[in-house]
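This is start-v4.txt (compact mmCIF, C-alpha atoms and all ligand atoms).
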```txt
# COMPACT_ATOMS: atom_id res chain seq x y z
CA MET A 1 203.49 25.37 86.15
CA ALA A 2 202.38 21.73 86.11
CA ASP A 3 205.16 19.24 85.42
CA HIS A 4 203.02 16.98 83.21
CA ALA A 5 202.01 16.85 79.55
CA PRO A 6 198.99 19.02 78.68
CA ARG A 7 195.78 17.23 79.67
CA HIS A 8 193.26 16.17 77.05
CA ALA A 9 190.23 18.42 77.33
CA GLU A 10 187.56 15.69 77.31
CA TYR A 11 184.81 18.31 77.31
CA ASP A 12 185.89 19.67 73.92
CA ASP A 13 183.98 16.69 72.48
CA ILE A 14 180.86 16.97 74.66
CA ALA A 15 180.45 20.70 75.27
CA ALA A 16 176.95 20.99 73.77
CA GLU A 17 175.69 17.79 75.40
CA TYR A 18 177.03 18.81 78.80
CA ALA A 19 175.45 22.24 78.50
CA ALA A 20 172.09 20.59 77.70
CA SER A 21 172.44 18.37 80.79
CA LYS A 22 172.44 21.52 82.94
CA GLN A 23 168.65 21.54 82.35
CA LEU A 24 168.09 18.20 84.10
CA PRO A 25 165.88 18.57 87.18
CA PHE A 26 168.52 17.20 89.58
CA ARG A 27 170.86 20.02 88.58
CA ILE A 28 168.20 22.71 88.96
CA VAL A 29 166.53 21.36 92.10
CA VAL A 30 169.53 19.88 93.99
CA GLU A 31 172.91 20.89 92.51
CA ALA A 32 172.32 24.62 92.09
CA PRO A 33 170.43 25.23 95.38
CA THR A 34 173.10 23.30 97.31
CA LEU A 35 175.79 25.51 95.76
CA PHE A 36 173.90 28.77 96.31
CA ASP A 37 173.18 27.83 99.91
CA LEU A 38 176.91 27.26 100.51
CA ALA A 39 177.70 30.59 98.83
CA GLY A 40 175.36 32.72 100.90
CA ASP A 41 175.34 36.41 100.06
CA VAL A 42 177.89 36.99 97.28
CA ARG A 43 177.14 40.68 96.67
CA GLY A 44 180.36 42.56 96.03
CA LEU A 45 182.59 39.48 96.25
CA SER A 46 185.37 38.64 93.80
CA VAL A 47 184.71 35.12 92.49
CA LEU A 48 186.94 32.62 90.69
CA ASP A 49 184.86 29.91 88.98
CA LEU A 50 187.19 26.94 88.46
CA PRO A 51 186.23 25.04 86.37
CA CYS A 52 183.69 27.37 84.80
CA GLY A 53 182.50 25.03 82.01
CA ASP A 54 180.18 27.07 79.80
CA GLY A 55 179.82 29.67 82.55
CA THR A 56 176.51 28.46 83.99
CA TYR A 57 177.52 29.27 87.57
CA SER A 58 179.71 32.24 86.63
CA ARG A 59 176.58 33.90 85.25
CA ALA A 60 174.54 32.86 88.26
CA PHE A 61 177.02 34.50 90.65
CA ALA A 62 177.26 37.64 88.49
CA ARG A 63 173.45 37.88 88.55
CA ARG A 64 173.51 37.42 92.32
CA GLY A 65 175.62 40.55 92.60
CA ALA A 66 179.23 39.32 92.71
CA GLY A 67 181.62 42.25 92.28
CA SER A 68 183.70 40.41 89.68
CA VAL A 69 183.71 36.92 88.18
CA LEU A 70 186.60 35.19 86.42
CA GLY A 71 186.12 31.71 84.95
CA PHE A 72 188.83 29.23 83.99
CA ASP A 73 188.38 25.87 82.27
CA LEU A 74 190.61 23.28 80.62
CA SER A 75 188.27 22.97 77.63
CA GLY A 76 188.54 25.56 74.88
CA ALA A 77 185.11 24.51 73.58
CA MET A 78 183.49 25.13 76.95
CA VAL A 79 185.18 28.52 77.30
CA GLU A 80 184.11 29.40 73.75
CA ARG A 81 180.48 28.69 74.71
CA ALA A 82 180.90 30.86 77.81
CA HIS A 83 182.38 33.69 75.71
CA SER A 84 179.60 33.43 73.16
CA ILE A 85 176.89 33.73 75.85
CA GLU A 86 178.78 36.64 77.44
CA HIS A 87 178.86 38.33 74.05
CA GLN A 88 175.08 37.92 73.64
CA GLU A 89 174.18 38.85 77.23
CA PRO A 90 177.09 40.81 78.73
CA LEU A 91 177.50 40.45 82.49
CA GLY A 92 181.12 41.62 82.71
CA ILE A 93 182.50 38.10 83.22
CA SER A 94 185.99 37.15 81.97
CA TYR A 95 186.77 33.61 80.85
CA GLN A 96 190.08 31.95 80.07
CA VAL A 97 191.38 28.52 79.15
CA GLY A 98 193.66 27.01 81.79
CA ASP A 99 194.50 23.86 83.72
CA ALA A 100 193.71 24.05 87.43
CA ASP A 101 196.81 21.92 88.01
CA GLY A 102 199.62 24.46 88.01
CA LEU A 103 197.46 27.49 87.22
CA GLY A 104 199.37 29.58 89.75
CA THR A 105 197.96 32.82 91.12
CA VAL A 106 195.57 34.55 88.71
CA GLY A 107 194.00 36.84 91.31
CA ASN A 108 193.14 37.40 94.91
CA PHE A 109 189.57 36.20 95.41
CA ASP A 110 186.99 36.26 98.19
CA LEU A 111 185.40 33.08 96.87
CA VAL A 112 186.60 30.16 94.75
CA VAL A 113 183.76 28.10 93.27
CA ALA A 114 184.88 24.60 92.30
CA CYS A 115 181.99 22.65 90.81
CA TYR A 116 183.21 19.25 89.73
CA LEU A 117 186.93 19.99 89.80
CA PHE A 118 188.38 17.74 92.48
CA ASN A 119 186.71 14.59 91.09
CA TYR A 120 189.07 14.89 88.09
CA ALA A 121 192.09 14.15 90.28
CA HIS A 122 193.31 10.57 89.72
CA THR A 123 195.73 10.67 92.64
CA ALA A 124 196.29 12.45 95.94
CA GLY A 125 199.12 14.34 94.20
CA GLU A 126 196.76 15.74 91.55
CA LEU A 127 194.22 16.63 94.22
CA LEU A 128 196.97 18.47 96.10
CA ALA A 129 197.85 20.45 92.97
CA PHE A 130 194.18 21.51 92.60
CA ALA A 131 193.93 22.41 96.30
CA ARG A 132 197.15 24.44 96.11
CA THR A 133 195.72 26.39 93.17
CA VAL A 134 192.64 27.18 95.27
CA TRP A 135 194.82 28.32 98.19
CA ALA A 136 197.00 30.47 95.90
CA ASN A 137 193.95 32.35 94.60
CA LEU A 138 192.09 32.98 97.86
CA LYS A 139 192.57 36.05 100.00
CA PRO A 140 193.43 35.22 103.60
CA GLY A 141 190.01 34.46 105.07
CA GLY A 142 188.56 33.68 101.62
CA ARG A 143 186.28 30.70 101.08
CA LEU A 144 186.14 27.67 98.82
CA ILE A 145 182.75 26.19 97.99
CA GLY A 146 181.99 23.45 95.51
CA ILE A 147 179.99 20.53 94.24
CA ASN A 148 181.67 17.17 93.70
CA ASP A 149 181.04 13.56 92.90
CA ASN A 150 180.32 12.20 96.38
CA PRO A 151 183.24 9.99 97.48
CA ARG A 152 181.30 8.92 100.60
CA THR A 153 178.85 6.89 98.47
CA ALA A 154 178.18 3.31 99.59
CA LEU A 155 179.13 0.77 96.92
CA ALA A 156 175.51 -0.37 96.54
CA ARG A 157 174.40 3.12 95.54
CA TYR A 158 176.38 3.29 92.29
CA GLY A 159 174.54 2.33 89.12
CA ASP A 160 171.21 3.32 87.75
CA TYR A 161 169.86 6.84 88.20
CA ALA A 162 167.61 6.56 85.14
CA ALA A 163 164.77 8.33 86.93
CA TYR A 164 167.08 11.32 87.21
CA GLY A 165 168.50 11.16 83.68
CA PHE A 166 171.87 9.43 84.08
CA SER A 167 173.83 6.40 85.25
CA ARG A 168 176.94 6.37 87.44
CA THR A 169 179.07 3.26 87.48
CA LEU A 170 182.19 2.55 89.49
CA GLU A 171 185.27 0.57 88.51
CA LEU A 172 185.64 -2.23 91.08
CA PRO A 173 187.26 -2.97 93.41
CA ARG A 174 187.09 0.63 94.57
CA HIS A 175 190.57 2.01 95.00
CA GLU A 176 192.32 5.39 94.85
CA GLY A 177 191.79 6.56 91.27
CA SER A 178 188.89 4.19 90.45
CA ARG A 179 187.03 5.40 87.38
CA ILE A 180 183.43 6.58 87.84
CA ARG A 181 181.58 6.70 84.53
CA TYR A 182 178.66 9.12 84.17
CA SER A 183 176.41 8.43 81.14
CA PHE A 184 173.50 10.56 80.01
CA PRO A 185 170.94 9.59 77.36
CA THR A 186 170.31 12.50 74.99
CA SER A 187 167.09 13.59 73.30
CA ASP A 188 168.23 12.11 69.94
CA GLY A 189 168.53 8.57 71.36
CA LYS A 190 172.32 8.64 71.84
CA THR A 191 174.34 8.84 75.04
CA PHE A 192 177.26 10.93 76.14
CA GLY A 193 179.42 10.68 79.20
CA PHE A 194 182.56 11.53 81.10
CA ASP A 195 184.77 9.97 83.74
CA ASN A 196 185.36 11.09 87.32
CA PHE A 197 187.83 9.42 89.67
CA TRP A 198 187.33 8.22 93.20
CA LEU A 199 189.61 9.24 96.05
CA ALA A 200 188.79 8.35 99.65
CA PRO A 201 187.10 11.02 101.79
CA GLU A 202 190.10 10.80 104.14
CA THR A 203 192.39 11.63 101.20
CA TYR A 204 190.41 14.83 100.62
CA GLU A 205 190.72 15.75 104.29
CA GLN A 206 194.47 15.11 104.41
CA VAL A 207 195.20 16.84 101.11
CA PHE A 208 193.22 19.99 101.87
CA ALA A 209 194.97 20.29 105.23
CA GLU A 210 198.35 19.80 103.51
CA ALA A 211 197.48 22.58 101.04
CA GLY A 212 196.85 24.95 103.96
CA LEU A 213 193.05 25.06 103.58
CA ALA A 214 191.21 24.95 106.91
CA ASP A 215 187.85 23.52 107.94
CA PHE A 216 187.44 21.32 104.88
CA ARG A 217 184.25 19.29 105.00
CA PHE A 218 181.71 17.67 102.75
CA VAL A 219 178.20 19.10 103.05
CA ASP A 220 175.21 16.94 102.13
CA ALA A 221 173.31 18.04 99.05
CA GLN A 222 169.78 19.31 99.59
CA ALA A 223 166.74 20.01 97.45
CA ALA A 224 165.33 23.48 96.98
CA PRO A 225 162.56 24.10 99.52
CA SER A 226 160.21 24.75 96.60
CA ALA A 227 160.96 21.37 94.92
CA GLY A 228 157.67 19.98 93.69
CA GLN A 229 158.45 16.26 93.95
CA ASP A 230 159.91 14.17 96.76
CA TRP A 231 163.72 14.10 96.33
CA SER A 232 164.45 11.98 99.42
CA ASP A 233 165.46 8.90 97.39
CA PHE A 234 167.97 10.93 95.37
CA LEU A 235 169.30 12.71 98.45
CA ARG A 236 169.84 9.50 100.44
CA ASP A 237 173.57 8.80 100.02
CA CYS A 238 173.39 11.32 97.18
CA PRO A 239 175.73 10.90 94.15
CA ILE A 240 176.79 14.54 94.48
CA THR A 241 177.98 16.46 97.51
CA GLY A 242 178.74 20.01 98.50
CA LEU A 243 182.12 20.89 99.98
CA VAL A 244 183.63 23.86 101.78
CA ALA A 245 187.01 25.03 103.11
CA ARG A 246 188.70 28.36 103.78
CA ARG A 247 192.11 29.93 103.62
CA PRO A 248 192.97 30.94 107.18
CA GLY A 249 192.88 34.70 107.74
C1 LIG A 301 181.23 18.61 84.95
S1 LIG A 301 181.94 20.02 84.14
C2 LIG A 301 181.48 21.30 85.29
C3 LIG A 301 181.54 22.69 84.72
C4 LIG A 301 180.96 23.76 85.64
N1 LIG A 301 181.68 23.87 86.88
C5 LIG A 301 179.51 23.44 85.90
O1 LIG A 301 179.20 22.98 87.00
O2 LIG A 301 178.70 23.65 85.00
C6 LIG A 301 183.64 19.76 84.50
C7 LIG A 301 184.54 20.77 83.85
O3 LIG A 301 185.85 20.61 84.40
C8 LIG A 301 186.78 20.95 83.40
N2 LIG A 301 188.07 20.43 83.83
C9 LIG A 301 188.44 19.13 83.97
N3 LIG A 301 189.71 19.05 84.40
C10 LIG A 301 190.16 20.33 84.53
C11 LIG A 301 191.41 20.91 84.93
N4 LIG A 301 192.47 20.14 85.24
N5 LIG A 301 191.52 22.26 84.93
C12 LIG A 301 190.47 23.04 84.58
N6 LIG A 301 189.27 22.54 84.19
C13 LIG A 301 189.12 21.21 84.17
C14 LIG A 301 186.18 20.32 82.16
O4 LIG A 301 186.72 20.85 80.96
C15 LIG A 301 184.70 20.62 82.36
O5 LIG A 301 184.32 21.81 81.71
```
Represent the structure contained in this file as structure tokens.
Amino acid sequence: MADHAPRHAEYDDIAAEYAASKQLPFRIVVEAPTLFDLAGDVRGLSVLDLPCGDGTYSRAFARRGAGSVLGFDLSGAMVERAHSIEHQEPLGISYQVGDADGLGTVGNFDLVVACYLFNYAHTAGELLAFARTVWANLKPGGRLIGINDNPRTALARYGDYAAYGFSRTLELPRHEGSRIRYSFPTSDGKTFGFDNFWLAPETYEQVFAEAGLADFRFVDAQAAPSAGQDWSDFLRDCPITGLVARRPG
């Protein structure tokens, strides 16, 4: 178990707003296709979705033929939304509340999907705890795929992404644990947001190796081939990145 006080589940306060943000074009045209491309054929695979949020990607992988899907998230409100959707449209997905730091082994999975998990680590130690949880839940030879705030971003690229429905600002000077604030205007004229934390790309590489995960690398985000508009400006030094690693067989 984790040797820290229980974390505040920030998403308990923004569950509905975050779920609505899943409809933004950048998520549909860039985030999801990047993730599905990394996943490849998931038919028959056992999948751990960590963090699952409201189950958006858990459902996507179940619909793509995964053999089983288990979702975990720190936020009870997000898991409640996931349960409610599962109740309305059953896909056989299980969801539970849990902290990825110190989760231990909850199964033996072919694939761990970590969309926006590692960017919640404030320190290399927290990142190591997350990476160890991934290792502990992968079969030998199993794969990790994910989407993350992109720590390779040039300083000049933080700021205004209004054309894409959000802003992303960095606490300066950039240092290990710097706060990255994401803000999203909502349809009722308000804004909501959440904080990610910056760790150097080299920290990711060192920590994943220390956790026993092989072949860790960031993978540039890409737009769906069918994307109607030109996404090259968004994709240049993109605010989000794919990532992959595997547990050696
Ligand atoms: C940006 S949302 C992404 C949710 C989902 N992966 C998606 O892409 O729709 C980040 C999620 O991470 C969860 N989270 C943050 N820290 C966590 C932790 N230590 N353990 C488990 N979940 C965590 C939050 O509650 C939130 O639901």
Taking only C-alpha atoms and all ligand atoms into account, report as a short mmCIF file (atom, residue, chain, number, x, y, z; two decimals) with C-alpha atoms, in the frame of the given file which residues have an atom no farther than 7 Å from an atom of ligand LIG 301 (chain A).
```cif
data_model
loop_
_atom_site.label_atom_id
_atom_site.label_comp_id
_atom_site.auth_asym_id
_atom_site.auth_seq_id
_atom_site.Cartn_x
_atom_site.Cartn_y
_atom_site.Cartn_z
CA ALA A 9 190.23 18.42 77.33
CA GLU A 10 187.56 15.69 77.31
CA TYR A 11 184.81 18.31 77.31
CA LYS A 22 172.44 21.52 82.94
CA LEU A 50 187.19 26.94 88.46
CA PRO A 51 186.23 25.04 86.37
CA CYS A 52 183.69 27.37 84.80
CA GLY A 53 182.50 25.03 82.01
CA ASP A 54 180.18 27.07 79.80
CA GLY A 55 179.82 29.67 82.55
CA THR A 56 176.51 28.46 83.99
CA TYR A 57 177.52 29.27 87.57
CA PHE A 72 188.83 29.23 83.99
CA ASP A 73 188.38 25.87 82.27
CA LEU A 74 190.61 23.28 80.62
CA SER A 75 188.27 22.97 77.63
CA MET A 78 183.49 25.13 76.95
CA GLY A 98 193.66 27.01 81.79
CA ASP A 99 194.50 23.86 83.72
CA ALA A 100 193.71 24.05 87.43
CA ASP A 101 196.81 21.92 88.01
CA ALA A 114 184.88 24.60 92.30
CA CYS A 115 181.99 22.65 90.81
CA TYR A 116 183.21 19.25 89.73
CA LEU A 117 186.93 19.99 89.80
CA TYR A 120 189.07 14.89 88.09
#
```
### Query
Near Asp233 of chain A, within 12 Å and counting only C-alpha atoms, which residues show up once chain neighbours fewer than 2 positions away are dropped, as a list in words?
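Contacts, in chain order: Phe26, Arg157, Tyr161, Ala163, Tyr164, Gln222, Ala223, Gln229, Asp230, Trp231, Leu235, Arg236, Asp237, Cys238 and Pro239 of chain A.
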### Summary
A straight line from atom CA of Pro248 of chain A to atom CA of Gln206 of chain A spans 16.1 Å
#### Entry: Top pick for closest residue to Phe208 of chain A, considering A:Val244, A:Val69, A:Val113, A:Ala5 and counting all atoms listed in the file
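Closest candidate: A:Val244.
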### Task
Check the smallest atom-to-atom distance from each of A:Leu35, A:Val106, A:Phe234, A:Ala121 to Asp160 of chain A using all atoms listed in the file, then report the winner.
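Among A:Leu35, A:Val106, A:Phe234, A:Ala121, it is A:Phe234 that comes nearest to Asp160 of chain A.
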#### Entry: Distance in Å - atom CA of Ala82 of chain A versus atom CA of Ser21 of chain A
15.4 Å
### Task
Might you pull out every residue within 12 Å of Pro140 of chain A, with all atoms listed in the file counted and same-chain residues fewer than 6 positions away left off, and present them as number ranges by chain?
A: 108-111, 134, 212-214, 246-249
Output of the above residues as an mmCIF file, keeping the file's coordinate frame, restricted to C-alpha atoms:
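Wrote it out as selection.cif, contents follow:
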```
data_model
loop_
_atom_site.group_PDB
_atom_site.id
_atom_site.type_symbol
_atom_site.label_atom_id
_atom_site.label_comp_id
_atom_site.auth_asym_id
_atom_site.auth_seq_id
_atom_site.Cartn_x
_atom_site.Cartn_y
_atom_site.Cartn_z
ATOM 1 C CA ASN A 108 193.140 37.400 94.910
ATOM 2 C CA PHE A 109 189.570 36.200 95.410
ATOM 3 C CA ASP A 110 186.990 36.260 98.190
ATOM 4 C CA LEU A 111 185.400 33.080 96.870
ATOM 5 C CA VAL A 134 192.640 27.180 95.270
ATOM 6 C CA GLY A 212 196.850 24.950 103.960
ATOM 7 C CA LEU A 213 193.050 25.060 103.580
ATOM 8 C CA ALA A 214 191.210 24.950 106.910
ATOM 9 C CA ARG A 246 188.700 28.360 103.780
ATOM 10 C CA ARG A 247 192.110 29.930 103.620
ATOM 11 C CA PRO A 248 192.970 30.940 107.180
ATOM 12 C CA GLY A 249 192.880 34.700 107.740
#
```
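The shortest atom-to-atom distance to Thr105 of chain A, with only C-alpha atoms taken into account, belongs to A:Ala136 out of A:Leu128, A:Val207, A:Ala136, A:Arg63.
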### Shell around Ile240 of chain A at 7 Å using only C-alpha atoms, local window under 2 positions removed, as JSON, numbers by chain
{"A": [147, 148, 149, 150, 221, 238]}
Will you give me segment 28-69 of chain A, written with N, CA and C atoms and laid out as a PDB file, in the first residue's frame?
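Contents of selection39.pdb, as written:
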```
ATOM      1  N   ILE A  28     -11.267  13.656 -30.046  1.00  0.00           N
ATOM      2  CA  ILE A  28     -11.831  12.672 -30.982  1.00  0.00           C
ATOM      3  C   ILE A  28     -10.889  12.445 -32.171  1.00  0.00           C
ATOM      4  N   VAL A  29     -10.248  13.532 -32.633  1.00  0.00           N
ATOM      5  CA  VAL A  29      -9.468  13.449 -33.872  1.00  0.00           C
ATOM      6  C   VAL A  29      -7.993  13.119 -33.609  1.00  0.00           C
ATOM      7  N   VAL A  30      -7.476  13.483 -32.423  1.00  0.00           N
ATOM      8  CA  VAL A  30      -6.050  13.246 -32.140  1.00  0.00           C
ATOM      9  C   VAL A  30      -5.864  12.253 -30.978  1.00  0.00           C
ATOM     10  N   GLU A  31      -6.449  12.561 -29.831  1.00  0.00           N
ATOM     11  CA  GLU A  31      -6.201  11.726 -28.638  1.00  0.00           C
ATOM     12  C   GLU A  31      -6.613  10.264 -28.862  1.00  0.00           C
ATOM     13  N   ALA A  32      -7.874  10.070 -29.231  1.00  0.00           N
ATOM     14  CA  ALA A  32      -8.378   8.695 -29.357  1.00  0.00           C
ATOM     15  C   ALA A  32      -7.674   7.923 -30.485  1.00  0.00           C
ATOM     16  N   PRO A  33      -7.525   8.496 -31.687  1.00  0.00           N
ATOM     17  CA  PRO A  33      -6.831   7.733 -32.744  1.00  0.00           C
ATOM     18  C   PRO A  33      -5.385   7.400 -32.395  1.00  0.00           C
ATOM     19  N   THR A  34      -4.697   8.317 -31.674  1.00  0.00           N
ATOM     20  CA  THR A  34      -3.320   8.019 -31.255  1.00  0.00           C
ATOM     21  C   THR A  34      -3.326   6.803 -30.336  1.00  0.00           C
ATOM     22  N   LEU A  35      -4.264   6.794 -29.393  1.00  0.00           N
ATOM     23  CA  LEU A  35      -4.340   5.670 -28.442  1.00  0.00           C
ATOM     24  C   LEU A  35      -4.680   4.361 -29.160  1.00  0.00           C
ATOM     25  N   PHE A  36      -5.669   4.403 -30.049  1.00  0.00           N
ATOM     26  CA  PHE A  36      -6.100   3.167 -30.717  1.00  0.00           C
ATOM     27  C   PHE A  36      -5.001   2.646 -31.658  1.00  0.00           C
ATOM     28  N   ASP A  37      -4.249   3.568 -32.239  1.00  0.00           N
ATOM     29  CA  ASP A  37      -3.141   3.129 -33.090  1.00  0.00           C
ATOM     30  C   ASP A  37      -2.072   2.413 -32.252  1.00  0.00           C
ATOM     31  N   LEU A  38      -1.798   2.941 -31.061  1.00  0.00           N
ATOM     32  CA  LEU A  38      -0.822   2.276 -30.178  1.00  0.00           C
ATOM     33  C   LEU A  38      -1.338   0.910 -29.730  1.00  0.00           C
ATOM     34  N   ALA A  39      -2.647   0.815 -29.532  1.00  0.00           N
ATOM     35  CA  ALA A  39      -3.231  -0.438 -29.026  1.00  0.00           C
ATOM     36  C   ALA A  39      -3.178  -1.548 -30.061  1.00  0.00           C
ATOM     37  N   GLY A  40      -3.395  -1.201 -31.322  1.00  0.00           N
ATOM     38  CA  GLY A  40      -3.492  -2.250 -32.341  1.00  0.00           C
ATOM     39  C   GLY A  40      -4.723  -3.113 -32.099  1.00  0.00           C
ATOM     40  N   ASP A  41      -4.614  -4.370 -32.477  1.00  0.00           N
ATOM     41  CA  ASP A  41      -5.747  -5.297 -32.360  1.00  0.00           C
ATOM     42  C   ASP A  41      -5.856  -5.763 -30.901  1.00  0.00           C
ATOM     43  N   VAL A  42      -6.951  -5.409 -30.249  1.00  0.00           N
ATOM     44  CA  VAL A  42      -7.109  -5.765 -28.821  1.00  0.00           C
ATOM     45  C   VAL A  42      -8.050  -6.951 -28.632  1.00  0.00           C
ATOM     46  N   ARG A  43      -8.495  -7.574 -29.725  1.00  0.00           N
ATOM     47  CA  ARG A  43      -9.479  -8.654 -29.581  1.00  0.00           C
ATOM     48  C   ARG A  43      -8.955  -9.762 -28.672  1.00  0.00           C
ATOM     49  N   GLY A  44      -9.743 -10.080 -27.660  1.00  0.00           N
ATOM     50  CA  GLY A  44      -9.407 -11.164 -26.742  1.00  0.00           C
ATOM     51  C   GLY A  44      -8.467 -10.765 -25.612  1.00  0.00           C
ATOM     52  N   LEU A  45      -7.947  -9.555 -25.631  1.00  0.00           N
ATOM     53  CA  LEU A  45      -6.964  -9.171 -24.613  1.00  0.00           C
ATOM     54  C   LEU A  45      -7.636  -8.782 -23.296  1.00  0.00           C
ATOM     55  N   SER A  46      -6.935  -9.052 -22.189  1.00  0.00           N
ATOM     56  CA  SER A  46      -7.360  -8.538 -20.887  1.00  0.00           C
ATOM     57  C   SER A  46      -6.743  -7.147 -20.721  1.00  0.00           C
ATOM     58  N   VAL A  47      -7.603  -6.170 -20.353  1.00  0.00           N
ATOM     59  CA  VAL A  47      -7.186  -4.764 -20.338  1.00  0.00           C
ATOM     60  C   VAL A  47      -7.444  -4.170 -18.963  1.00  0.00           C
ATOM     61  N   LEU A  48      -6.435  -3.491 -18.422  1.00  0.00           N
ATOM     62  CA  LEU A  48      -6.601  -2.676 -17.218  1.00  0.00           C
ATOM     63  C   LEU A  48      -6.543  -1.214 -17.645  1.00  0.00           C
ATOM     64  N   ASP A  49      -7.623  -0.473 -17.408  1.00  0.00           N
ATOM     65  CA  ASP A  49      -7.701   0.944 -17.764  1.00  0.00           C
ATOM     66  C   ASP A  49      -7.459   1.756 -16.497  1.00  0.00           C
ATOM     67  N   LEU A  50      -6.300   2.401 -16.417  1.00  0.00           N
ATOM     68  CA  LEU A  50      -5.850   3.035 -15.169  1.00  0.00           C
ATOM     69  C   LEU A  50      -5.168   4.356 -15.480  1.00  0.00           C
ATOM     70  N   PRO A  51      -5.824   5.482 -15.291  1.00  0.00           N
ATOM     71  CA  PRO A  51      -7.117   5.687 -14.670  1.00  0.00           C
ATOM     72  C   PRO A  51      -8.227   5.634 -15.722  1.00  0.00           C
ATOM     73  N   CYS A  52      -9.359   5.084 -15.320  1.00  0.00           N
ATOM     74  CA  CYS A  52     -10.455   4.885 -16.280  1.00  0.00           C
ATOM     75  C   CYS A  52     -11.341   6.118 -16.426  1.00  0.00           C
ATOM     76  N   GLY A  53     -11.265   7.092 -15.481  1.00  0.00           N
ATOM     77  CA  GLY A  53     -12.196   8.215 -15.552  1.00  0.00           C
ATOM     78  C   GLY A  53     -13.617   7.703 -15.577  1.00  0.00           C
ATOM     79  N   ASP A  54     -14.416   8.248 -16.503  1.00  0.00           N
ATOM     80  CA  ASP A  54     -15.817   7.799 -16.609  1.00  0.00           C
ATOM     81  C   ASP A  54     -15.957   6.579 -17.519  1.00  0.00           C
ATOM     82  N   GLY A  55     -14.839   5.978 -17.884  1.00  0.00           N
ATOM     83  CA  GLY A  55     -14.885   4.736 -18.656  1.00  0.00           C
ATOM     84  C   GLY A  55     -14.893   4.931 -20.160  1.00  0.00           C
ATOM     85  N   THR A  56     -14.609   6.149 -20.609  1.00  0.00           N
ATOM     86  CA  THR A  56     -14.650   6.420 -22.054  1.00  0.00           C
ATOM     87  C   THR A  56     -13.817   5.405 -22.835  1.00  0.00           C
ATOM     88  N   TYR A  57     -12.566   5.204 -22.403  1.00  0.00           N
ATOM     89  CA  TYR A  57     -11.713   4.275 -23.157  1.00  0.00           C
ATOM     90  C   TYR A  57     -11.940   2.822 -22.753  1.00  0.00           C
ATOM     91  N   SER A  58     -12.411   2.578 -21.541  1.00  0.00           N
ATOM     92  CA  SER A  58     -12.782   1.203 -21.171  1.00  0.00           C
ATOM     93  C   SER A  58     -13.840   0.691 -22.144  1.00  0.00           C
ATOM     94  N   ARG A  59     -14.846   1.538 -22.387  1.00  0.00           N
ATOM     95  CA  ARG A  59     -15.929   1.129 -23.301  1.00  0.00           C
ATOM     96  C   ARG A  59     -15.404   0.967 -24.727  1.00  0.00           C
ATOM     97  N   ALA A  60     -14.511   1.873 -25.109  1.00  0.00           N
ATOM     98  CA  ALA A  60     -13.972   1.777 -26.472  1.00  0.00           C
ATOM     99  C   ALA A  60     -13.237   0.452 -26.660  1.00  0.00           C
ATOM    100  N   PHE A  61     -12.452   0.041 -25.652  1.00  0.00           N
ATOM    101  CA  PHE A  61     -11.702  -1.216 -25.807  1.00  0.00           C
ATOM    102  C   PHE A  61     -12.627  -2.425 -25.713  1.00  0.00           C
ATOM    103  N   ALA A  62     -13.669  -2.342 -24.890  1.00  0.00           N
ATOM    104  CA  ALA A  62     -14.644  -3.439 -24.855  1.00  0.00           C
ATOM    105  C   ALA A  62     -15.317  -3.573 -26.225  1.00  0.00           C
ATOM    106  N   ARG A  63     -15.668  -2.437 -26.820  1.00  0.00           N
ATOM    107  CA  ARG A  63     -16.348  -2.467 -28.136  1.00  0.00           C
ATOM    108  C   ARG A  63     -15.400  -2.950 -29.230  1.00  0.00           C
ATOM    109  N   ARG A  64     -14.107  -2.758 -29.022  1.00  0.00           N
ATOM    110  CA  ARG A  64     -13.122  -3.243 -30.000  1.00  0.00           C
ATOM    111  C   ARG A  64     -12.772  -4.705 -29.787  1.00  0.00           C
ATOM    112  N   GLY A  65     -13.455  -5.342 -28.840  1.00  0.00           N
ATOM    113  CA  GLY A  65     -13.321  -6.795 -28.728  1.00  0.00           C
ATOM    114  C   GLY A  65     -12.410  -7.288 -27.633  1.00  0.00           C
ATOM    115  N   ALA A  66     -11.988  -6.395 -26.707  1.00  0.00           N
ATOM    116  CA  ALA A  66     -11.155  -6.872 -25.589  1.00  0.00           C
ATOM    117  C   ALA A  66     -11.882  -7.996 -24.865  1.00  0.00           C
ATOM    118  N   GLY A  67     -11.114  -8.973 -24.371  1.00  0.00           N
ATOM    119  CA  GLY A  67     -11.720 -10.125 -23.695  1.00  0.00           C
ATOM    120  C   GLY A  67     -12.294  -9.744 -22.347  1.00  0.00           C
ATOM    121  N   SER A  68     -11.622  -8.829 -21.642  1.00  0.00           N
ATOM    122  CA  SER A  68     -12.114  -8.326 -20.362  1.00  0.00           C
ATOM    123  C   SER A  68     -11.533  -6.937 -20.159  1.00  0.00           C
ATOM    124  N   VAL A  69     -12.297  -6.092 -19.464  1.00  0.00           N
ATOM    125  CA  VAL A  69     -11.816  -4.739 -19.153  1.00  0.00           C
ATOM    126  C   VAL A  69     -12.121  -4.435 -17.699  1.00  0.00           C
TER     127      VAL A  69
END
```
